[in-house]
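Shown below: protein-v9.json, with JSON, C-alpha atoms and all ligand atoms.
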[["chain", "number", "residue", "atom", "x", "y", "z"],
["X", 1, "MET", "CA", 136.65, 62.78, 144.39],
["X", 2, "LYS", "CA", 138.04, 64.19, 141.15],
["X", 3, "PHE", "CA", 140.70, 66.90, 141.22],
["X", 4, "PHE", "CA", 140.55, 69.59, 138.54],
["X", 5, "ILE", "CA", 142.91, 72.55, 138.35],
["X", 6, "ASP", "CA", 141.33, 75.99, 137.94],
["X", 7, "THR", "CA", 143.77, 77.82, 135.67],
["X", 8, "ALA", "CA", 144.74, 78.47, 132.06],
["X", 9, "ASN", "CA", 148.45, 78.50, 133.00],
["X", 10, "VAL", "CA", 150.14, 75.72, 131.05],
["X", 11, "GLU", "CA", 153.08, 75.35, 133.46],
["X", 12, "GLN", "CA", 150.76, 74.86, 136.43],
["X", 13, "ILE", "CA", 148.61, 72.41, 134.49],
["X", 14, "LYS", "CA", 151.74, 70.41, 133.57],
["X", 15, "GLU", "CA", 152.94, 70.44, 137.21],
["X", 16, "ALA", "CA", 149.58, 69.11, 138.45],
["X", 17, "GLN", "CA", 149.51, 66.52, 135.66],
["X", 18, "ASP", "CA", 153.05, 65.37, 136.57],
["X", 19, "LEU", "CA", 151.93, 64.92, 140.17],
["X", 20, "GLY", "CA", 149.65, 62.17, 138.84],
["X", 21, "ILE", "CA", 146.44, 63.30, 140.53],
["X", 22, "LEU", "CA", 144.88, 65.53, 137.90],
["X", 23, "ASP", "CA", 141.46, 64.61, 136.47],
["X", 24, "GLY", "CA", 140.70, 67.76, 134.47],
["X", 25, "VAL", "CA", 140.93, 71.52, 134.03],
["X", 26, "THR", "CA", 138.51, 74.42, 134.36],
["X", 27, "THR", "CA", 139.06, 77.81, 132.78],
["X", 28, "ASN", "CA", 137.02, 80.97, 132.49],
["X", 29, "PRO", "CA", 137.42, 84.23, 130.52],
["X", 30, "SER", "CA", 139.20, 85.89, 133.48],
["X", 31, "LEU", "CA", 141.73, 83.05, 133.76],
["X", 32, "MET", "CA", 142.39, 83.16, 129.99],
["X", 33, "ALA", "CA", 142.89, 86.94, 130.14],
["X", 34, "LYS", "CA", 145.28, 86.51, 133.10],
["X", 35, "GLU", "CA", 147.53, 84.41, 130.84],
["X", 36, "GLY", "CA", 147.29, 87.03, 128.07],
["X", 37, "ILE", "CA", 145.35, 84.72, 125.73],
["X", 38, "LYS", "CA", 143.33, 86.98, 123.39],
["X", 39, "GLY", "CA", 141.46, 86.56, 120.08],
["X", 40, "GLU", "CA", 139.31, 83.61, 119.03],
["X", 41, "GLU", "CA", 142.05, 81.67, 117.24],
["X", 42, "ASN", "CA", 144.52, 81.97, 120.14],
["X", 43, "ILE", "CA", 141.85, 81.02, 122.65],
["X", 44, "LEU", "CA", 140.82, 77.91, 120.66],
["X", 45, "ASN", "CA", 144.47, 76.89, 120.22],
["X", 46, "HIS", "CA", 145.05, 77.31, 123.94],
["X", 47, "TYR", "CA", 142.17, 74.94, 124.73],
["X", 48, "LYS", "CA", 143.70, 72.40, 122.34],
["X", 49, "THR", "CA", 147.08, 72.73, 124.07],
["X", 50, "ILE", "CA", 145.46, 72.11, 127.47],
["X", 51, "CYS", "CA", 143.60, 69.05, 126.12],
["X", 52, "GLU", "CA", 146.91, 67.61, 124.92],
["X", 53, "ILE", "CA", 148.42, 67.92, 128.42],
["X", 54, "VAL", "CA", 145.61, 66.35, 130.46],
["X", 55, "GLU", "CA", 143.46, 63.26, 129.94],
["X", 56, "GLY", "CA", 140.20, 64.43, 131.53],
["X", 57, "ASP", "CA", 137.51, 67.04, 130.96],
["X", 58, "VAL", "CA", 138.51, 70.62, 130.09],
["X", 59, "SER", "CA", 135.85, 73.29, 130.67],
["X", 60, "ALA", "CA", 135.76, 76.06, 128.06],
["X", 61, "GLU", "CA", 133.37, 78.94, 128.75],
["X", 62, "VAL", "CA", 131.08, 80.63, 126.22],
["X", 63, "ILE", "CA", 130.89, 84.42, 126.24],
["X", 64, "SER", "CA", 127.49, 84.77, 124.54],
["X", 65, "THR", "CA", 124.49, 85.41, 126.76],
["X", 66, "ASP", "CA", 121.75, 84.47, 124.26],
["X", 67, "PHE", "CA", 120.71, 80.92, 123.34],
["X", 68, "ASN", "CA", 121.71, 81.06, 119.65],
["X", 69, "GLY", "CA", 125.08, 82.60, 120.40],
["X", 70, "MET", "CA", 125.82, 80.04, 123.11],
["X", 71, "ILE", "CA", 124.92, 77.12, 120.84],
["X", 72, "LYS", "CA", 127.07, 78.48, 118.00],
["X", 73, "GLU", "CA", 130.06, 78.86, 120.32],
["X", 74, "ALA", "CA", 129.40, 75.49, 121.96],
["X", 75, "GLU", "CA", 129.43, 73.68, 118.62],
["X", 76, "VAL", "CA", 132.81, 75.20, 117.69],
["X", 77, "LEU", "CA", 134.26, 74.36, 121.12],
["X", 78, "ALA", "CA", 132.85, 70.81, 121.20],
["X", 79, "ASN", "CA", 134.34, 70.10, 117.75],
["X", 80, "LEU", "CA", 137.73, 71.28, 118.93],
["X", 81, "HIS", "CA", 138.46, 68.24, 121.11],
["X", 82, "GLU", "CA", 136.52, 65.36, 122.67],
["X", 83, "GLN", "CA", 137.63, 66.45, 126.17],
["X", 84, "ILE", "CA", 135.98, 69.87, 125.94],
["X", 85, "VAL", "CA", 133.05, 70.54, 128.30],
["X", 86, "ILE", "CA", 130.96, 73.62, 127.50],
["X", 87, "LYS", "CA", 130.83, 76.01, 130.43],
["X", 88, "ILE", "CA", 127.56, 77.96, 130.42],
["X", 89, "PRO", "CA", 126.46, 80.72, 132.82],
["X", 90, "MET", "CA", 123.45, 80.23, 135.12],
["X", 91, "ILE", "CA", 120.93, 82.44, 133.34],
["X", 92, "ALA", "CA", 117.62, 81.51, 131.69],
["X", 93, "GLU", "CA", 119.19, 81.39, 128.20],
["X", 94, "GLY", "CA", 121.96, 79.25, 129.67],
["X", 95, "ILE", "CA", 119.49, 76.72, 131.07],
["X", 96, "LYS", "CA", 117.86, 76.45, 127.62],
["X", 97, "ALA", "CA", 121.30, 75.94, 126.06],
["X", 98, "ILE", "CA", 122.22, 73.25, 128.62],
["X", 99, "LYS", "CA", 118.96, 71.40, 127.90],
["X", 100, "TYR", "CA", 119.63, 71.58, 124.15],
["X", 101, "LEU", "CA", 123.31, 70.53, 124.41],
["X", 102, "SER", "CA", 122.61, 67.67, 126.84],
["X", 103, "GLY", "CA", 120.03, 66.38, 124.34],
["X", 104, "LYS", "CA", 122.82, 66.31, 121.74],
["X", 105, "GLY", "CA", 125.15, 64.42, 124.08],
["X", 106, "ILE", "CA", 127.45, 67.43, 124.59],
["X", 107, "LYS", "CA", 128.86, 67.79, 128.11],
["X", 108, "THR", "CA", 128.10, 71.02, 129.99],
["X", 109, "ASN", "CA", 129.27, 72.78, 133.14],
["X", 110, "CYS", "CA", 126.77, 75.29, 134.56],
["X", 111, "THR", "CA", 128.85, 78.04, 136.13],
["X", 112, "LEU", "CA", 128.24, 80.96, 138.52],
["X", 113, "ILE", "CA", 126.07, 78.86, 140.86],
["X", 114, "PHE", "CA", 125.37, 80.66, 144.15],
["X", 115, "SER", "CA", 122.18, 78.97, 145.37],
["X", 116, "SER", "CA", 120.74, 75.46, 145.64],
["X", 117, "GLY", "CA", 117.75, 76.57, 143.51],
["X", 118, "GLN", "CA", 120.13, 77.38, 140.66],
["X", 119, "ALA", "CA", 121.82, 74.00, 141.10],
["X", 120, "LEU", "CA", 118.43, 72.24, 141.01],
["X", 121, "LEU", "CA", 117.48, 73.94, 137.73],
["X", 122, "ALA", "CA", 120.85, 73.10, 136.15],
["X", 123, "ALA", "CA", 120.41, 69.43, 137.09],
["X", 124, "LYS", "CA", 116.86, 69.43, 135.70],
["X", 125, "ALA", "CA", 118.26, 70.77, 132.41],
["X", 126, "GLY", "CA", 120.76, 67.89, 132.31],
["X", 127, "ALA", "CA", 124.04, 69.66, 133.13],
["X", 128, "THR", "CA", 127.01, 67.30, 133.41],
["X", 129, "TYR", "CA", 128.52, 69.51, 136.13],
["X", 130, "VAL", "CA", 127.38, 72.42, 138.31],
["X", 131, "SER", "CA", 129.97, 74.87, 139.61],
["X", 132, "PRO", "CA", 129.01, 76.41, 142.97],
["X", 133, "PHE", "CA", 131.50, 79.21, 143.85],
["X", 134, "ILE", "CA", 132.53, 78.61, 147.46],
["X", 135, "GLY", "CA", 135.12, 81.38, 147.91],
["X", 136, "ARG", "CA", 133.00, 84.15, 146.44],
["X", 137, "LEU", "CA", 130.18, 83.28, 148.87],
["X", 138, "ASP", "CA", 132.63, 83.28, 151.80],
["X", 139, "ASP", "CA", 133.86, 86.68, 150.57],
["X", 140, "ILE", "CA", 130.43, 88.20, 151.20],
["X", 141, "SER", "CA", 130.03, 86.59, 154.65],
["X", 142, "SER", "CA", 127.84, 83.79, 153.30],
["X", 143, "ASP", "CA", 128.81, 80.11, 153.71],
["X", 144, "GLY", "CA", 130.03, 78.46, 150.52],
["X", 145, "ILE", "CA", 130.45, 75.04, 152.11],
["X", 146, "ASN", "CA", 126.82, 75.07, 153.31],
["X", 147, "LEU", "CA", 125.79, 75.45, 149.68],
["X", 148, "ILE", "CA", 127.75, 72.32, 148.71],
["X", 149, "GLU", "CA", 126.00, 70.42, 151.53],
["X", 150, "ASP", "CA", 122.55, 71.58, 150.39],
["X", 151, "ILE", "CA", 123.17, 70.65, 146.76],
["X", 152, "ARG", "CA", 124.47, 67.20, 147.82],
["X", 153, "VAL", "CA", 121.25, 66.51, 149.76],
["X", 154, "ILE", "CA", 119.01, 67.69, 146.90],
["X", 155, "TYR", "CA", 120.85, 65.70, 144.22],
["X", 156, "ASP", "CA", 120.90, 62.56, 146.39],
["X", 157, "ASN", "CA", 117.15, 62.90, 147.14],
["X", 158, "TYR", "CA", 116.34, 62.51, 143.46],
["X", 159, "GLY", "CA", 119.35, 60.65, 142.08],
["X", 160, "PHE", "CA", 120.44, 63.49, 139.81],
["X", 161, "GLN", "CA", 123.55, 62.45, 137.87],
["X", 162, "THR", "CA", 124.85, 66.04, 137.61],
["X", 163, "GLU", "CA", 128.26, 66.20, 139.31],
["X", 164, "ILE", "CA", 128.93, 68.86, 141.96],
["X", 165, "LEU", "CA", 132.11, 70.63, 140.88],
["X", 166, "ALA", "CA", 133.10, 72.84, 143.81],
["X", 167, "ALA", "CA", 134.75, 75.99, 142.40],
["X", 168, "SER", "CA", 136.25, 79.23, 143.69],
["X", 169, "ILE", "CA", 138.38, 77.21, 146.11],
["X", 170, "ARG", "CA", 140.67, 79.43, 148.16],
["X", 171, "ASN", "CA", 142.49, 77.06, 150.53],
["X", 172, "PRO", "CA", 143.12, 73.38, 151.36],
["X", 173, "ILE", "CA", 140.40, 73.40, 154.05],
["X", 174, "HIS", "CA", 137.83, 74.11, 151.31],
["X", 175, "ILE", "CA", 139.07, 70.96, 149.53],
["X", 176, "LEU", "CA", 138.81, 68.84, 152.70],
["X", 177, "ASP", "CA", 135.35, 70.19, 153.54],
["X", 178, "CYS", "CA", 134.23, 69.27, 150.01],
["X", 179, "ALA", "CA", 135.67, 65.78, 150.44],
["X", 180, "ARG", "CA", 133.84, 65.37, 153.77],
["X", 181, "ILE", "CA", 130.52, 66.44, 152.25],
["X", 182, "GLY", "CA", 130.90, 64.35, 149.11],
["X", 183, "ALA", "CA", 131.41, 66.89, 146.34],
["X", 184, "ASP", "CA", 132.12, 64.93, 143.18],
["X", 185, "VAL", "CA", 134.88, 67.26, 141.95],
["X", 186, "ILE", "CA", 136.92, 70.17, 143.26],
["X", 187, "THR", "CA", 138.56, 72.66, 140.95],
["X", 188, "SER", "CA", 141.36, 74.47, 142.70],
["X", 189, "PRO", "CA", 144.39, 76.67, 142.21],
["X", 190, "LEU", "CA", 147.61, 74.61, 142.26],
["X", 191, "ASP", "CA", 148.77, 76.13, 145.60],
["X", 192, "SER", "CA", 145.76, 74.79, 147.52],
["X", 193, "ILE", "CA", 146.29, 71.31, 146.05],
["X", 194, "LYS", "CA", 150.00, 71.37, 146.93],
["X", 195, "ALA", "CA", 149.19, 72.58, 150.46],
["X", 196, "LEU", "CA", 147.54, 69.18, 151.06],
["X", 197, "LEU", "CA", 150.99, 67.59, 150.76],
["X", 198, "LYS", "CA", 152.48, 69.42, 153.68],
["X", 199, "HIS", "CA", 152.73, 68.53, 157.36],
["X", 200, "PRO", "CA", 155.63, 69.60, 159.62],
["X", 201, "LEU", "CA", 155.72, 66.19, 161.34],
["X", 202, "THR", "CA", 156.22, 64.55, 157.92],
["X", 203, "ASP", "CA", 159.26, 66.78, 157.29],
["X", 204, "ILE", "CA", 160.67, 66.19, 160.79],
["X", 205, "GLY", "CA", 160.02, 62.43, 160.55],
["X", 206, "LEU", "CA", 161.63, 62.12, 157.14],
["X", 207, "ALA", "CA", 164.71, 64.09, 158.23],
["X", 208, "LYS", "CA", 165.13, 61.72, 161.23],
["X", 209, "PHE", "CA", 164.69, 58.56, 159.12],
["X", 210, "LEU", "CA", 167.35, 59.78, 156.67],
["X", 211, "ALA", "CA", 169.70, 60.84, 159.47],
["X", 212, "ASP", "CA", 169.32, 57.45, 161.22],
["X", 213, "HIS", "CA", 169.90, 55.61, 157.94],
["X", 214, "ASN", "CA", 173.15, 57.53, 157.44],
["X", 215, "LYS", "CA", 174.47, 56.72, 160.95],
["X", 301, "LIG", "O1", 136.46, 79.07, 137.53],
["X", 301, "LIG", "C1", 135.48, 79.53, 138.37],
["X", 301, "LIG", "C2", 135.94, 79.83, 139.79],
["X", 301, "LIG", "O2", 136.71, 78.77, 140.27],
["X", 301, "LIG", "C3", 136.58, 81.16, 139.99],
["X", 301, "LIG", "O3", 137.20, 81.30, 141.22],
["X", 301, "LIG", "O4", 138.75, 82.54, 142.70],
["X", 301, "LIG", "O5", 137.72, 83.71, 140.72],
["X", 301, "LIG", "O6", 136.34, 83.14, 142.70],
["X", 301, "LIG", "P1", 137.51, 82.75, 141.88]]
For the file at hand, write its structure as structure tokens.
Ligand code: G3P
Amino acid sequence: MKFFIDTANVEQIKEAQDLGILDGVTTNPSLMAKEGIKGEENILNHYKTICEIVEGDVSAEVISTDFNGMIKEAEVLANLHEQIVIKIPMIAEGIKAIKYLSGKGIKTNCTLIFSSGQALLAAKAGATYVSPFIGRLDDISSDGINLIEDIRVIYDNYGFQTEILAASIRNPIHILDCARIGADVITSPLDSIKALLKHPLTDIGLAKFLADHNK
């Protein structure tokens, strides 16, 4: 399973990269705004900075909602760096754009996936990744993990190559559930990734080993 970090915060991206387990980064307009990155030039430069820190795929989201606008933005973003993946919203114009871009060999990430039907359409269009939002489904008393399970079954039935990129991760249990089901990728805040490191018995055991060594 690949580990992506879901942030535009350079310090957190560097920390995850230094840990040695990072396979990529996902961003979205809200995450860019959270870091105060505004204006086209600053946004493009920020994507370049992120690509220089990590080795894997970096999702950069379009803000157009019409086919022509999405393609224009996608071409600029794809030319920015070979690691850029074009993140496209799950709307009809987005599906057309994914089909067009996949035909050109440009990687895409279909975002805002909340149903298995949406995931099926994105795979049919040739998306490289689909991003089902687990946490936002849980927030409305739906079951985000069930959606990952359904998409896994559907993709395996037909051998779709589209990778399931589980997004909107809120805690380490989400990550483990995704691993159990066989999601291809999780994209997570740094805290949930670091929470996987911790176990009180590890801390107690290490303290005893060190104390015994010093006796
Ligand atoms: O990047 C998309 C997704 O991961 C957003 O998560 O926490 O805003 O629901 P969240």
Between atom P1 of ligand LIG 301 (chain X) and CA of Ser142 in chain X, what is the distance, to one decimal in Å?
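Interatomic distance, atom P1 of ligand LIG 301 (chain X) to CA of Ser142 in chain X: 15.0 Å.
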Test item: residues no farther than 7 Å from ligand LIG 301 (chain X), counting all atoms listed in the file, as a ChimeraX atom specification
/X:6,26-28,133,135-136,167-170,187-188
Residues near range 48-51 of chain X, anyone? I mean within 10 Å using only C-alpha atoms, not counting same-chain ones fewer than 4 positions away, as a PyMOL selection string.
chain X and resi 8-10+13-14+24-25+42-44+55-59+77+80-84
From CA of Val85 in chain X to CA of Gln12 in chain X the spacing works out at 20.0 Å
Here is a test: counting all atoms listed in the file, which residue of X:Asn146, X:Val76, X:Ile21, X:Thr202 is nearest to Glu40 in chain X?
X:Val76
Contacts of Thr111 in chain X at 10 Å or less, counting only C-alpha atoms, minus same-chain residues fewer than 6 places along, as a list in words?
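Selected residues are Asn28, Glu61, Ile86, Lys87, Ile88, Pro89, Met90, Ile91, Gly94, Gln118, Ala119, Ala122, Tyr129, Val130, Ser131, Pro132, Phe133, Leu165 and Ala167 of chain X.
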My list of candidates is X:Ala97, X:Thr7, X:Ala74, X:Gly126. Which is closest to Glu163 in chain X when distances are computed with only C-alpha atoms?
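Under the stated criterion, the closest residue is X:Gly126.
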Find the residue from X:Met32, X:Ala127, X:Leu22, X:Ala211 that sits nearest to Ile164 in chain X; use only C-alpha atoms when measuring.
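Among the listed residues, X:Ala127 lies closest to Ile164 in chain X.
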Can you work out the spacing between CA of Ala92 in chain X and CA of Gly69 in chain X in Å, to one decimal?
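Separation between CA of Ala92 in chain X and CA of Gly69 in chain X: 13.6 Å.
For the residues X:Ile145, X:Leu19, X:Ala166, X:Thr128, ranking by smallest atom-to-atom distance to Leu112 in chain X using only C-alpha atoms places X:Ala166 first.
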Which residue of X:Val54, X:Ile5, X:Gly144, X:Lys96 approaches Ile113 in chain X most closely, using all atoms listed in the file:
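Among the listed residues, X:Gly144 lies closest to Ile113 in chain X.
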Considering only C-alpha atoms, can you say which of X:Leu190, X:Ile95, X:Pro172, X:Glu41 comes closest to Glu15 in chain X?
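So, comparing all the options, the nearest one is X:Leu190.
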Counting only C-alpha atoms, what is within 8 Å of Asn171 in chain X, bar same-chain residues fewer than 3 positions away, as a ChimeraX atom specification?
/X:174-175,192
Neighbour list for range 114-117 of chain X as a ChimeraX atom specification, cut-off 7 Å, all atoms listed in the file, skip fewer than 3 positions in-chain:
/X:120-121,132-133,147,150-151
Next, the residues of the selection above should be written as a short mmCIF file (atom, residue, chain, number, x, y, z; two decimals), keeping the file's coordinate frame with C-alpha atoms.
data_model
loop_
_atom_site.label_atom_id
_atom_site.label_comp_id
_atom_site.auth_asym_id
_atom_site.auth_seq_id
_atom_site.Cartn_x
_atom_site.Cartn_y
_atom_site.Cartn_z
CA LEU X 120 118.43 72.24 141.01
CA LEU X 121 117.48 73.94 137.73
CA PRO X 132 129.01 76.41 142.97
CA PHE X 133 131.50 79.21 143.85
CA LEU X 147 125.79 75.45 149.68
CA ASP X 150 122.55 71.58 150.39
CA ILE X 151 123.17 70.65 146.76
#
Once 4 Å is added on each side, what are the centre and the three edge lengths, in Å to one decimal, of the axis-aligned box enclosing the listed atoms of range 165-173 of chain X? Present them as lines of an AutoDock Vina configuration file.
center_x = 137.6
center_y = 75.0
center_z = 147.5
size_x = 19.0
size_y = 16.8
size_z = 21.2
